[in-house]
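Heads up, model_13.tsv below (TSV, C-alpha atoms (C1' of nucleotides)):
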chain	number	residue	atom	x	y	z
A	3	MET	CA	104.21	66.38	94.59
A	4	ARG	CA	102.79	63.53	92.61
A	5	ASP	CA	99.76	64.98	90.77
A	6	ASN	CA	99.88	67.07	87.60
A	7	LEU	CA	98.21	70.16	88.95
A	8	SER	CA	100.59	70.35	91.91
A	9	GLN	CA	103.51	70.04	89.55
A	10	THR	CA	102.13	72.82	87.39
A	11	PHE	CA	101.53	75.19	90.29
A	12	ALA	CA	105.00	74.41	91.63
A	13	ALA	CA	106.45	75.26	88.23
A	14	LEU	CA	104.62	78.60	88.27
A	15	ALA	CA	105.91	79.43	91.74
A	16	ASP	CA	109.11	80.99	90.45
A	17	PRO	CA	109.54	84.42	88.87
A	18	THR	CA	112.28	83.24	86.51
A	19	ARG	CA	110.05	80.52	85.13
A	20	ARG	CA	107.09	82.88	84.84
A	21	GLY	CA	109.35	85.31	83.02
A	22	MET	CA	110.28	82.60	80.55
A	23	LEU	CA	106.63	81.83	79.94
A	24	ALA	CA	105.96	85.52	79.34
A	25	LYS	CA	108.70	85.56	76.74
A	26	LEU	CA	107.27	82.44	75.12
A	27	ALA	CA	103.86	84.08	74.98
A	28	GLU	CA	105.42	86.32	72.31
A	29	GLY	CA	106.48	83.28	70.32
A	30	GLU	CA	108.96	80.44	70.11
A	31	ALA	CA	112.42	80.95	71.60
A	32	ASN	CA	115.44	78.75	72.13
A	33	VAL	CA	117.28	78.17	75.38
A	34	SER	CA	119.89	80.91	75.05
A	35	GLU	CA	117.27	83.47	74.07
A	36	LEU	CA	115.23	82.55	77.09
A	37	ALA	CA	118.33	82.58	79.26
A	38	LYS	CA	119.61	86.01	78.23
A	39	PRO	CA	117.69	88.14	80.79
A	40	TYR	CA	118.87	85.91	83.65
A	41	LEU	CA	122.53	85.21	82.89
A	42	LYS	CA	123.64	88.00	85.21
A	43	GLU	CA	121.81	86.28	88.06
A	44	MET	CA	122.33	82.61	87.31
A	45	SER	CA	124.20	80.11	85.17
A	46	LEU	CA	123.05	78.31	82.05
A	47	PRO	CA	122.64	74.95	83.79
A	48	ALA	CA	120.23	76.68	86.15
A	49	ILE	CA	118.23	77.78	83.13
A	50	THR	CA	118.23	74.26	81.75
A	51	LYS	CA	116.74	73.06	85.02
A	52	HIS	CA	114.05	75.72	85.04
A	53	LEU	CA	113.07	74.74	81.52
A	54	LYS	CA	112.95	71.11	82.53
A	55	VAL	CA	110.57	72.00	85.34
A	56	LEU	CA	108.32	73.86	82.90
A	57	GLU	CA	108.47	70.96	80.48
A	58	ARG	CA	107.63	68.29	83.06
A	59	ALA	CA	104.77	70.50	84.23
A	60	GLY	CA	103.30	70.45	80.73
A	61	LEU	CA	103.66	74.22	80.30
A	62	ILE	CA	106.13	74.12	77.41
A	63	THR	CA	107.46	71.74	74.79
A	64	LYS	CA	111.04	71.63	73.61
A	65	THR	CA	111.99	70.49	70.12
A	66	ARG	CA	115.28	70.07	68.27
A	67	GLU	CA	116.59	72.19	65.47
A	68	ALA	CA	120.32	71.78	64.77
A	69	GLN	CA	122.09	72.65	68.01
A	70	TRP	CA	119.19	74.77	69.23
A	71	ARG	CA	116.25	73.71	71.34
A	72	PRO	CA	113.30	75.89	70.39
A	73	CYS	CA	110.67	76.02	73.12
A	74	LYS	CA	107.06	77.02	72.92
A	75	LEU	CA	104.05	77.20	75.18
A	76	LYS	CA	101.90	74.13	75.52
A	77	GLU	CA	98.23	74.74	76.23
A	78	ASP	CA	97.61	71.69	78.37
A	79	ALA	CA	98.79	72.80	81.78
A	80	PHE	CA	97.41	76.32	81.31
A	81	LYS	CA	94.07	74.77	80.58
A	82	ASP	CA	94.26	72.67	83.74
A	83	VAL	CA	94.98	75.74	85.85
A	84	ALA	CA	92.19	77.72	84.18
A	85	ASP	CA	89.75	74.88	84.79
A	86	TRP	CA	90.77	74.63	88.45
A	87	MET	CA	90.42	78.38	88.88
A	88	GLU	CA	86.87	78.31	87.56
A	89	GLN	CA	85.51	76.95	90.82
A	90	TYR	CA	86.72	80.08	92.60
A	91	ARG	CA	85.59	82.58	89.99
A	92	MET	CA	82.84	83.97	92.16
A	93	PHE	CA	85.37	84.71	94.88
A	94	TRP	CA	87.81	86.72	92.84
A	95	GLU	CA	85.00	88.41	90.98
A	96	GLN	CA	83.76	89.59	94.36
A	97	SER	CA	86.96	91.53	94.71
A	98	LEU	CA	86.31	93.18	91.36
A	99	ASP	CA	82.81	94.14	92.51
A	100	ARG	CA	84.32	95.60	95.63
A	101	LEU	CA	86.76	97.61	93.54
A	102	ASP	CA	83.94	98.82	91.31
A	103	ALA	CA	81.98	99.89	94.37
A	104	TYR	CA	85.03	101.70	95.67
A	105	LEU	CA	85.63	103.40	92.35
A	106	LYS	CA	82.05	104.62	92.34
A	107	THR	CA	82.66	106.35	95.66
A	108	VAL	CA	85.61	108.28	94.23
A	109	THR	CA	84.66	109.00	90.61
A	110	SER	CA	83.37	112.47	91.43
A	111	LYS	CA	86.49	113.64	93.22
A	112	SER	CA	89.34	113.26	90.66
A	113	SER	CA	91.85	111.12	92.57
A	114	ALA	CA	95.34	111.07	91.04
A	115	LYS	CA	96.50	108.42	93.49
A	116	GLY	CA	93.97	105.68	92.68
A	117	LYS	CA	95.64	102.95	90.69
A	118	THR	CA	93.02	101.07	88.70
A	119	ARG	CA	95.13	97.90	88.27
A	120	GLY	CA	93.96	97.30	84.72
A	121	ARG	CA	90.31	96.62	85.48
A	122	LYS	CA	88.77	95.58	82.18
A	123	LYS	CA	85.40	96.39	80.67
B	28	MET	CA	110.36	82.84	97.03
B	29	ARG	CA	110.02	86.54	97.80
B	30	ASP	CA	107.17	87.81	95.60
B	31	ASN	CA	103.46	87.40	96.34
B	32	LEU	CA	102.51	85.53	93.21
B	33	SER	CA	105.26	82.97	93.71
B	34	GLN	CA	104.10	82.45	97.26
B	35	THR	CA	100.53	81.97	96.07
B	36	PHE	CA	101.44	79.46	93.38
B	37	ALA	CA	103.63	77.60	95.85
B	38	ALA	CA	100.69	77.44	98.25
B	39	LEU	CA	98.51	75.98	95.51
B	40	ALA	CA	101.10	73.34	94.65
B	41	ASP	CA	99.82	70.90	97.23
B	42	PRO	CA	96.73	68.69	97.01
B	43	THR	CA	96.02	68.92	100.73
B	44	ARG	CA	95.97	72.69	100.60
B	45	ARG	CA	93.83	72.72	97.45
B	46	GLY	CA	91.46	70.32	99.19
B	47	MET	CA	91.16	72.74	102.07
B	48	LEU	CA	90.39	75.57	99.69
B	49	ALA	CA	87.71	73.44	98.03
B	50	LYS	CA	86.14	72.86	101.42
B	51	LEU	CA	86.28	76.57	102.20
B	52	ALA	CA	84.59	77.31	98.89
B	53	GLU	CA	81.49	75.79	100.52
B	54	GLY	CA	81.79	78.20	103.43
B	55	GLU	CA	83.70	78.98	106.60
B	56	ALA	CA	85.31	76.11	108.51
B	57	ASN	CA	87.56	75.85	111.54
B	58	VAL	CA	90.85	74.03	111.74
B	59	SER	CA	89.57	70.66	112.96
B	60	GLU	CA	86.83	70.61	110.34
B	61	LEU	CA	89.39	71.30	107.65
B	62	ALA	CA	91.72	68.72	109.16
B	63	LYS	CA	89.24	65.86	109.35
B	64	PRO	CA	89.73	64.41	105.84
B	65	TYR	CA	93.49	64.31	106.32
B	66	LEU	CA	93.99	63.09	109.86
B	67	LYS	CA	94.54	59.54	108.62
B	68	GLU	CA	97.43	60.75	106.51
B	69	MET	CA	98.97	63.44	108.67
B	70	SER	CA	99.03	65.05	112.10
B	71	LEU	CA	97.27	68.18	113.29
B	72	PRO	CA	100.46	70.24	113.45
B	73	ALA	CA	100.95	69.45	109.77
B	74	ILE	CA	97.49	70.88	109.12
B	75	THR	CA	98.32	74.00	111.10
B	76	LYS	CA	101.33	74.51	108.88
B	77	HIS	CA	99.37	74.04	105.68
B	78	LEU	CA	96.88	76.63	106.84
B	79	LYS	CA	99.68	79.01	107.67
B	80	VAL	CA	100.98	78.63	104.14
B	81	LEU	CA	97.55	79.43	102.72
B	82	GLU	CA	97.23	82.40	105.03
B	83	ARG	CA	100.63	83.87	104.18
B	84	ALA	CA	99.79	83.40	100.51
B	85	GLY	CA	96.69	85.56	100.94
B	86	LEU	CA	94.33	82.73	100.01
B	87	ILE	CA	92.54	82.52	103.36
B	88	THR	CA	92.02	84.50	106.54
B	89	LYS	CA	91.84	83.02	109.99
B	90	THR	CA	89.88	84.64	112.79
B	91	ARG	CA	89.28	83.79	116.46
B	92	GLU	CA	86.07	82.53	118.00
B	93	ALA	CA	86.49	81.01	121.47
B	94	GLN	CA	88.89	78.11	121.05
B	95	TRP	CA	88.17	77.74	117.36
B	96	ARG	CA	89.87	79.41	114.43
B	97	PRO	CA	87.29	79.82	111.67
B	98	CYS	CA	88.91	80.17	108.27
B	99	LYS	CA	87.48	81.54	105.07
B	100	LEU	CA	88.60	82.22	101.54
B	101	LYS	CA	90.16	85.58	100.81
B	102	GLU	CA	89.68	86.91	97.30
B	103	ASP	CA	93.00	88.72	96.97
B	104	ALA	CA	95.36	85.95	95.95
B	105	PHE	CA	92.75	84.29	93.73
B	106	LYS	CA	92.37	87.58	91.95
B	107	ASP	CA	96.13	87.84	91.44
B	108	VAL	CA	96.26	84.37	89.92
B	109	ALA	CA	93.27	85.08	87.69
B	110	ASP	CA	94.87	88.32	86.50
B	111	TRP	CA	98.14	86.55	85.75
B	112	MET	CA	96.33	83.80	83.86
B	113	GLU	CA	94.60	86.33	81.62
B	114	GLN	CA	97.73	86.88	79.57
B	115	TYR	CA	97.66	83.23	78.55
B	116	ARG	CA	93.95	82.99	77.89
B	117	MET	CA	94.40	82.67	74.15
B	118	PHE	CA	96.69	79.70	74.67
B	119	TRP	CA	94.40	77.63	76.81
B	120	GLU	CA	91.42	78.62	74.72
B	121	GLN	CA	93.28	77.24	71.72
B	122	SER	CA	93.19	73.87	73.38
B	123	LEU	CA	89.42	74.17	73.68
B	124	ASP	CA	89.19	75.04	70.00
B	125	ARG	CA	91.33	72.06	69.16
B	126	LEU	CA	89.10	69.82	71.24
B	127	ASP	CA	86.03	71.23	69.53
B	128	ALA	CA	87.58	70.53	66.15
B	129	TYR	CA	88.44	67.03	67.23
B	130	LEU	CA	84.95	66.43	68.55
B	131	LYS	CA	83.52	67.55	65.22
B	132	THR	CA	85.57	64.87	63.47
B	133	VAL	CA	84.15	62.11	65.66
B	134	THR	CA	80.54	63.17	66.32
B	135	SER	CA	79.21	60.95	63.53
B	136	LYS	CA	81.04	57.78	64.60
B	137	SER	CA	80.05	57.11	68.23
B	138	SER	CA	83.45	56.70	69.92
B	139	ALA	CA	83.33	55.12	73.37
B	140	LYS	CA	87.03	55.77	74.00
B	141	GLY	CA	87.04	59.58	73.63
B	142	LYS	CA	87.32	61.23	77.07
B	143	THR	CA	85.79	64.69	76.91
B	144	ARG	CA	87.66	66.05	79.97
B	145	GLY	CA	84.74	68.09	81.24
B	146	ARG	CA	84.43	70.50	78.35
B	147	LYS	CA	81.88	73.07	79.42
B	148	LYS	CA	79.14	74.75	77.40
C	10	DG	C1'	139.46	65.91	62.50
C	11	DC	C1'	139.38	70.42	64.88
C	12	DT	C1'	136.93	74.19	66.67
C	13	DA	C1'	133.08	77.01	67.91
C	14	DT	C1'	128.38	77.31	69.53
C	15	DA	C1'	124.37	75.48	72.07
C	16	DT	C1'	122.82	72.84	75.58
C	17	DT	C1'	122.84	69.13	78.97
C	18	DT	C1'	124.58	66.05	82.59
C	19	DA	C1'	127.01	65.03	86.93
C	20	DA	C1'	128.31	65.87	91.46
C	21	DC	C1'	127.60	68.64	94.97
C	22	DC	C1'	125.71	72.03	98.50
C	23	DA	C1'	122.73	75.26	101.10
C	24	DA	C1'	118.13	76.67	101.91
C	25	DA	C1'	113.32	75.77	102.06
C	26	DG	C1'	109.46	72.69	102.56
C	27	DT	C1'	106.86	68.89	104.83
C	28	DA	C1'	106.37	65.91	108.14
C	29	DT	C1'	106.99	63.97	112.97
C	30	DT	C1'	106.37	63.78	118.39
C	31	DA	C1'	106.14	66.17	122.69
C	32	DA	C1'	105.02	70.13	125.07
C	33	DT	C1'	102.32	74.40	125.45
C	34	DT	C1'	98.68	77.81	125.18
C	35	DA	C1'	93.83	79.17	125.12
C	36	DA	C1'	89.08	78.89	126.18
C	37	DC	C1'	85.20	76.53	127.81
C	38	DT	C1'	82.80	73.17	131.31
C	39	DT	C1'	82.05	71.24	135.56
D	10	DA	C1'	90.90	74.11	140.26
D	11	DA	C1'	90.70	70.24	137.29
D	12	DG	C1'	89.58	68.41	132.99
D	13	DT	C1'	88.42	68.67	128.01
D	14	DT	C1'	88.70	70.42	123.51
D	15	DA	C1'	91.04	73.29	119.93
D	16	DA	C1'	95.00	74.74	118.08
D	17	DT	C1'	99.84	76.15	118.12
D	18	DT	C1'	104.85	76.02	119.08
D	19	DA	C1'	109.35	73.73	119.54
D	20	DA	C1'	112.77	70.68	118.30
D	21	DT	C1'	114.03	67.61	114.99
D	22	DA	C1'	114.52	64.68	110.67
D	23	DC	C1'	114.09	64.02	105.86
D	24	DT	C1'	113.31	65.46	101.12
D	25	DT	C1'	113.04	68.69	97.51
D	26	DT	C1'	114.47	72.77	95.23
D	27	DG	C1'	117.53	75.91	93.15
D	28	DG	C1'	121.81	77.02	92.59
D	29	DT	C1'	126.99	76.12	91.68
D	30	DT	C1'	131.31	74.41	88.77
D	31	DA	C1'	133.34	71.12	85.74
D	32	DA	C1'	132.80	67.89	82.27
D	33	DA	C1'	130.18	65.97	78.47
D	34	DT	C1'	127.27	65.85	74.33
D	35	DA	C1'	125.38	67.55	69.83
D	36	DT	C1'	125.57	70.01	65.62
D	37	DA	C1'	127.65	72.96	62.22
D	38	DG	C1'	131.54	74.89	59.60
D	39	DC	C1'	136.11	74.86	58.11
Would you mind writing the file out in structure tokens?
Amino acid sequence: MRDNLSQTFAALADPTRRGMLAKLAEGEANVSELAKPYLKEMSLPAITKHLKVLERAGLITKTREAQWRPCKLKEDAFKDVADWMEQYRMFWEQSLDRLDAYLKTVTSKSSAKGKTRGRKK
Amino acid sequence: MRDNLSQTFAALADPTRRGMLAKLAEGEANVSELAKPYLKEMSLPAITKHLKVLERAGLITKTREAQWRPCKLKEDAFKDVADWMEQYRMFWEQSLDRLDAYLKTVTSKSSAKGKTRGRKK
DNA sequence: GCTATATTTAACCAAAGTATTAATTAACTT
DNA sequence: AAGTTAATTAATACTTTGGTTAAATATAGC
């Protein structure tokens, strides 16, 4: 797993790590704050390792402040993923078109079951 | 690695597999066509496994046509990744803004060293 | 210096991932 | 039926990942 992008995708391939990123999207947080939701499921050293994976992937930066290690999102790796995704935009937009088409077929009959999955615009 | 999104990101965390997706972005291709660029580096069974990973991740579908197995991109998993990325859009767009700001500071002095990293538009 | 809090490092282990070679299946061609 | 091409499966080996517990480090406060 030598290249950057592979390392980034590998870092994203874990729900705990994605959860930590979601938390960091709300703002800076230190290790124990990030750890709190997971301490029933895993130990603190496990958290440290997850954060190290995120850091090496370029998704977060960790700084020092007394005995705390505040972490925050780093744009770099997100940008790399977004750039890579661009080349497939037409494919996943197809699936939106298909959903739109489907929705058109059901708009008349009020369907309580149809989940719209947050389709924007 | 139970959840879908984790499986998808894990599938993307490999340059061989991303290369196969890039090829498929140009259109359908069967296994040996997809394998060709990699047969110096790895065996055909390895290719089969990579394709299975992409398939289980929902990134491709494989069909049957005589003794060939034409593969093509499947929108689903791409859509899931794109949706997940949305929540971080502001972060990676920040890095574009920062690059723009930087470029503004150097536009007058022609800098040969500055890599622009494919900034679009 | 002692103690408490925050976090990391070390040593280890089980499970998953990536590759191999050899054998097998499937479909077409002659 | 025999041979060729396309692809997969099986058995195996090696490496990486994700977790553990125990010990260590770093900083602050008394």
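With atom CA of B:Lys101 on one side and atom CA of A:Trp94 on the other, the separation reads 8.4 Å.
For stretch 12-14 of chain C, the set of protein, DNA and RNA residues having any atom at most 10 Å away, when counting only C-alpha atoms (C1' of nucleotides) and skipping those fewer than 2 positions along the same chain, is A:Gln69, A:Trp70, C:DG10, C:DT16, D:DT36, D:DA37, D:DG38, D:DC39.
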For A:Ala15, the closest of B:Ala84, B:Lys99, B:Lys106, B:Glu120 counting all atoms listed in the file is B:Ala84
Select, as a ChimeraX atom specification, those residues of chain B with any atom no more than 8 Å from chain C (distances computed using all atoms listed in the file). /B:69,73,93-94
Centre and edge lengths of an axis-aligned box around all listed atoms of stretch 16-34 of chain C, with 3 Å added on each side, are to be given in Å to one decimal, as lines of an AutoDock Vina configuration file.
center_x = 113.5
center_y = 70.8
center_z = 100.5
size_x = 35.6
size_y = 20.0
size_z = 55.9
Distance limit 10 Å, atoms considered: only C-alpha atoms (C1' of nucleotides). Which chain D residues sit that close to chain A? Return them as number ranges by chain. D: 25, 27-30, 35-37
Would you mind listing, as a ChimeraX atom specification, all residues of chain A that have at least one atom within 9 Å of chain B, where only C-alpha atoms are what counts? /A:3,5,7-17,24,27,75-84,87,89-91,93-98
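Here atom CA of A:Gly60 is placed at a distance of 13.8 Å from atom CA of A:Leu26.
Atom CA of B:Tyr65 sits 7.7 Å away from atom CA of B:Thr43.
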